[in-house]
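Reviewing the structure listed below.
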Amino acid sequence: MSEDRFAAAALALCGLAARQLGWRPGEFWAATPAELAAALGLLAAPTASPCDRSLLEKLMEHDDER
């Protein structure tokens, strides 16, 4: 992938993460591709319910307590 295509894809994904997950740029760049895909529900089985914002916030609060 060329640098231009990577930059455009990264910018689009960063915007998606900001809108859908409420992530700031630092949170986006700190996440692994697998974490981003999981947070967006891209790794969930078709029968699994997607992760909604309240569940994500609860999981993030639990993670902050460690």
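In the structure tokens, chains take letters A, B, ... by order of appearance, with residues numbered from 1 within each chain and ligands from 1 in the order shown.
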Using only C-alpha atoms, which residues sit within 12 Å of region 14-18 of chain A once same-chain residues fewer than 2 positions away are excluded, as a PDB file with N, CA, C and O atoms, in the first residue's frame?
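Output below, filename part13.pdb:
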```pdb
ATOM      1  N   PHE A   6      -2.290   4.686   2.454  1.00  0.00           N
ATOM      2  CA  PHE A   6      -2.293   4.405   3.886  1.00  0.00           C
ATOM      3  C   PHE A   6      -2.778   5.618   4.666  1.00  0.00           C
ATOM      4  O   PHE A   6      -3.609   5.487   5.575  1.00  0.00           O
ATOM      5  N   ALA A   7      -2.272   6.789   4.323  1.00  0.00           N
ATOM      6  CA  ALA A   7      -2.660   8.014   5.031  1.00  0.00           C
ATOM      7  C   ALA A   7      -4.156   8.270   4.895  1.00  0.00           C
ATOM      8  O   ALA A   7      -4.827   8.613   5.875  1.00  0.00           O
ATOM      9  N   ALA A   8      -4.682   8.086   3.700  1.00  0.00           N
ATOM     10  CA  ALA A   8      -6.121   8.297   3.480  1.00  0.00           C
ATOM     11  C   ALA A   8      -6.952   7.285   4.257  1.00  0.00           C
ATOM     12  O   ALA A   8      -7.963   7.626   4.878  1.00  0.00           O
ATOM     13  N   ALA A   9      -6.512   6.018   4.253  1.00  0.00           N
ATOM     14  CA  ALA A   9      -7.239   4.977   4.989  1.00  0.00           C
ATOM     15  C   ALA A   9      -7.165   5.233   6.496  1.00  0.00           C
ATOM     16  O   ALA A   9      -8.168   5.085   7.208  1.00  0.00           O
ATOM     17  N   ALA A  10      -5.984   5.620   6.990  1.00  0.00           N
ATOM     18  CA  ALA A  10      -5.828   5.893   8.418  1.00  0.00           C
ATOM     19  C   ALA A  10      -6.700   7.072   8.840  1.00  0.00           C
ATOM     20  O   ALA A  10      -7.340   7.030   9.901  1.00  0.00           O
ATOM     21  N   LEU A  11      -6.746   8.114   8.028  1.00  0.00           N
ATOM     22  CA  LEU A  11      -7.575   9.276   8.339  1.00  0.00           C
ATOM     23  C   LEU A  11      -9.053   8.891   8.380  1.00  0.00           C
ATOM     24  O   LEU A  11      -9.789   9.297   9.282  1.00  0.00           O
ATOM     25  N   ALA A  12      -9.491   8.088   7.424  1.00  0.00           N
ATOM     26  CA  ALA A  12     -10.894   7.650   7.396  1.00  0.00           C
ATOM     27  C   ALA A  12     -11.218   6.792   8.617  1.00  0.00           C
ATOM     28  O   ALA A  12     -12.269   6.969   9.248  1.00  0.00           O
ATOM     29  N   GLN A  20     -17.928   6.851  15.866  1.00  0.00           N
ATOM     30  CA  GLN A  20     -18.640   5.670  16.352  1.00  0.00           C
ATOM     31  C   GLN A  20     -18.255   5.272  17.770  1.00  0.00           C
ATOM     32  O   GLN A  20     -19.079   4.742  18.511  1.00  0.00           O
ATOM     33  N   LEU A  21     -17.001   5.514  18.143  1.00  0.00           N
ATOM     34  CA  LEU A  21     -16.511   5.045  19.441  1.00  0.00           C
ATOM     35  C   LEU A  21     -16.201   6.175  20.415  1.00  0.00           C
ATOM     36  O   LEU A  21     -15.977   5.921  21.585  1.00  0.00           O
ATOM     37  N   GLY A  22     -16.165   7.397  19.906  1.00  0.00           N
ATOM     38  CA  GLY A  22     -15.817   8.525  20.771  1.00  0.00           C
ATOM     39  C   GLY A  22     -14.328   8.594  21.079  1.00  0.00           C
ATOM     40  O   GLY A  22     -13.921   9.223  22.051  1.00  0.00           O
ATOM     41  N   TRP A  23     -13.513   7.903  20.268  1.00  0.00           N
ATOM     42  CA  TRP A  23     -12.067   7.891  20.502  1.00  0.00           C
ATOM     43  C   TRP A  23     -11.442   9.196  20.037  1.00  0.00           C
ATOM     44  O   TRP A  23     -11.780   9.745  19.009  1.00  0.00           O
ATOM     45  N   ARG A  24     -10.456   9.674  20.806  1.00  0.00           N
ATOM     46  CA  ARG A  24      -9.622  10.799  20.388  1.00  0.00           C
ATOM     47  C   ARG A  24      -8.466  10.233  19.551  1.00  0.00           C
ATOM     48  O   ARG A  24      -8.221   9.023  19.580  1.00  0.00           O
ATOM     49  N   PRO A  25      -7.758  11.078  18.799  1.00  0.00           N
ATOM     50  CA  PRO A  25      -6.675  10.567  17.946  1.00  0.00           C
ATOM     51  C   PRO A  25      -5.644   9.714  18.694  1.00  0.00           C
ATOM     52  O   PRO A  25      -5.220   8.674  18.189  1.00  0.00           O
ATOM     53  N   GLY A  26      -5.278  10.115  19.895  1.00  0.00           N
ATOM     54  CA  GLY A  26      -4.301   9.333  20.661  1.00  0.00           C
ATOM     55  C   GLY A  26      -4.801   7.935  20.986  1.00  0.00           C
ATOM     56  O   GLY A  26      -4.024   6.967  20.976  1.00  0.00           O
ATOM     57  N   GLU A  27      -6.086   7.820  21.262  1.00  0.00           N
ATOM     58  CA  GLU A  27      -6.669   6.506  21.547  1.00  0.00           C
ATOM     59  C   GLU A  27      -6.689   5.644  20.283  1.00  0.00           C
ATOM     60  O   GLU A  27      -6.435   4.437  20.344  1.00  0.00           O
ATOM     61  N   PHE A  28      -6.985   6.276  19.154  1.00  0.00           N
ATOM     62  CA  PHE A  28      -6.966   5.551  17.887  1.00  0.00           C
ATOM     63  C   PHE A  28      -5.567   5.022  17.597  1.00  0.00           C
ATOM     64  O   PHE A  28      -5.389   3.843  17.290  1.00  0.00           O
ATOM     65  N   TRP A  29      -4.562   5.884  17.705  1.00  0.00           N
ATOM     66  CA  TRP A  29      -3.204   5.475  17.356  1.00  0.00           C
ATOM     67  C   TRP A  29      -2.610   4.496  18.363  1.00  0.00           C
ATOM     68  O   TRP A  29      -1.701   3.733  18.029  1.00  0.00           O
ATOM     69  N   ALA A  30      -3.112   4.485  19.593  1.00  0.00           N
ATOM     70  CA  ALA A  30      -2.625   3.539  20.600  1.00  0.00           C
ATOM     71  C   ALA A  30      -3.239   2.155  20.430  1.00  0.00           C
ATOM     72  O   ALA A  30      -2.707   1.168  20.934  1.00  0.00           O
ATOM     73  N   ALA A  31      -4.355   2.069  19.722  1.00  0.00           N
ATOM     74  CA  ALA A  31      -5.041   0.788  19.537  1.00  0.00           C
ATOM     75  C   ALA A  31      -4.374  -0.031  18.438  1.00  0.00           C
ATOM     76  O   ALA A  31      -3.840   0.513  17.475  1.00  0.00           O
ATOM     77  N   PRO A  33      -4.709  -2.815  15.302  1.00  0.00           N
ATOM     78  CA  PRO A  33      -5.758  -3.066  14.312  1.00  0.00           C
ATOM     79  C   PRO A  33      -6.818  -4.046  14.821  1.00  0.00           C
ATOM     80  O   PRO A  33      -8.006  -3.872  14.555  1.00  0.00           O
ATOM     81  N   GLU A  35      -7.751  -4.493  17.963  1.00  0.00           N
ATOM     82  CA  GLU A  35      -8.594  -3.792  18.936  1.00  0.00           C
ATOM     83  C   GLU A  35      -9.609  -2.893  18.241  1.00  0.00           C
ATOM     84  O   GLU A  35     -10.771  -2.830  18.646  1.00  0.00           O
ATOM     85  N   LEU A  36      -9.183  -2.200  17.202  1.00  0.00           N
ATOM     86  CA  LEU A  36     -10.096  -1.346  16.447  1.00  0.00           C
ATOM     87  C   LEU A  36     -11.192  -2.183  15.801  1.00  0.00           C
ATOM     88  O   LEU A  36     -12.376  -1.844  15.888  1.00  0.00           O
ATOM     89  N   ALA A  37     -10.814  -3.284  15.165  1.00  0.00           N
ATOM     90  CA  ALA A  37     -11.798  -4.149  14.518  1.00  0.00           C
ATOM     91  C   ALA A  37     -12.783  -4.715  15.542  1.00  0.00           C
ATOM     92  O   ALA A  37     -13.987  -4.754  15.294  1.00  0.00           O
ATOM     93  N   ALA A  38     -12.272  -5.123  16.693  1.00  0.00           N
ATOM     94  CA  ALA A  38     -13.153  -5.663  17.734  1.00  0.00           C
ATOM     95  C   ALA A  38     -14.095  -4.583  18.261  1.00  0.00           C
ATOM     96  O   ALA A  38     -15.295  -4.833  18.457  1.00  0.00           O
ATOM     97  N   ALA A  39     -13.577  -3.384  18.494  1.00  0.00           N
ATOM     98  CA  ALA A  39     -14.412  -2.292  19.009  1.00  0.00           C
ATOM     99  C   ALA A  39     -15.504  -1.908  18.022  1.00  0.00           C
ATOM    100  O   ALA A  39     -16.615  -1.537  18.423  1.00  0.00           O
ATOM    101  N   LEU A  40     -15.211  -2.020  16.733  1.00  0.00           N
ATOM    102  CA  LEU A  40     -16.195  -1.698  15.705  1.00  0.00           C
ATOM    103  C   LEU A  40     -17.121  -2.874  15.397  1.00  0.00           C
ATOM    104  O   LEU A  40     -18.024  -2.758  14.590  1.00  0.00           O
ATOM    105  N   GLY A  41     -16.892  -4.003  16.068  1.00  0.00           N
ATOM    106  CA  GLY A  41     -17.743  -5.168  15.875  1.00  0.00           C
ATOM    107  C   GLY A  41     -17.428  -5.947  14.615  1.00  0.00           C
ATOM    108  O   GLY A  41     -18.238  -6.752  14.167  1.00  0.00           O
ATOM    109  N   ARG A  53     -22.272   1.461  22.912  1.00  0.00           N
ATOM    110  CA  ARG A  53     -21.465   2.451  23.630  1.00  0.00           C
ATOM    111  C   ARG A  53     -21.450   2.213  25.139  1.00  0.00           C
ATOM    112  O   ARG A  53     -20.413   2.332  25.782  1.00  0.00           O
TER     113      ARG A  53
END
```
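The gap separating CA of Arg5 (chain A) from CA of Pro50 (chain A) is 28.7 Å, in Å to one decimal.
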As a PyMOL selection string, list the residues of chain A assigned to alpha helix (DSSP H) by DSSP on the backbone atoms of this structure. chain A and resi 3-21+25-30+33-39+53-64
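You will find CA of Arg19 (chain A) at 22.2 Å from CA of His62 (chain A).
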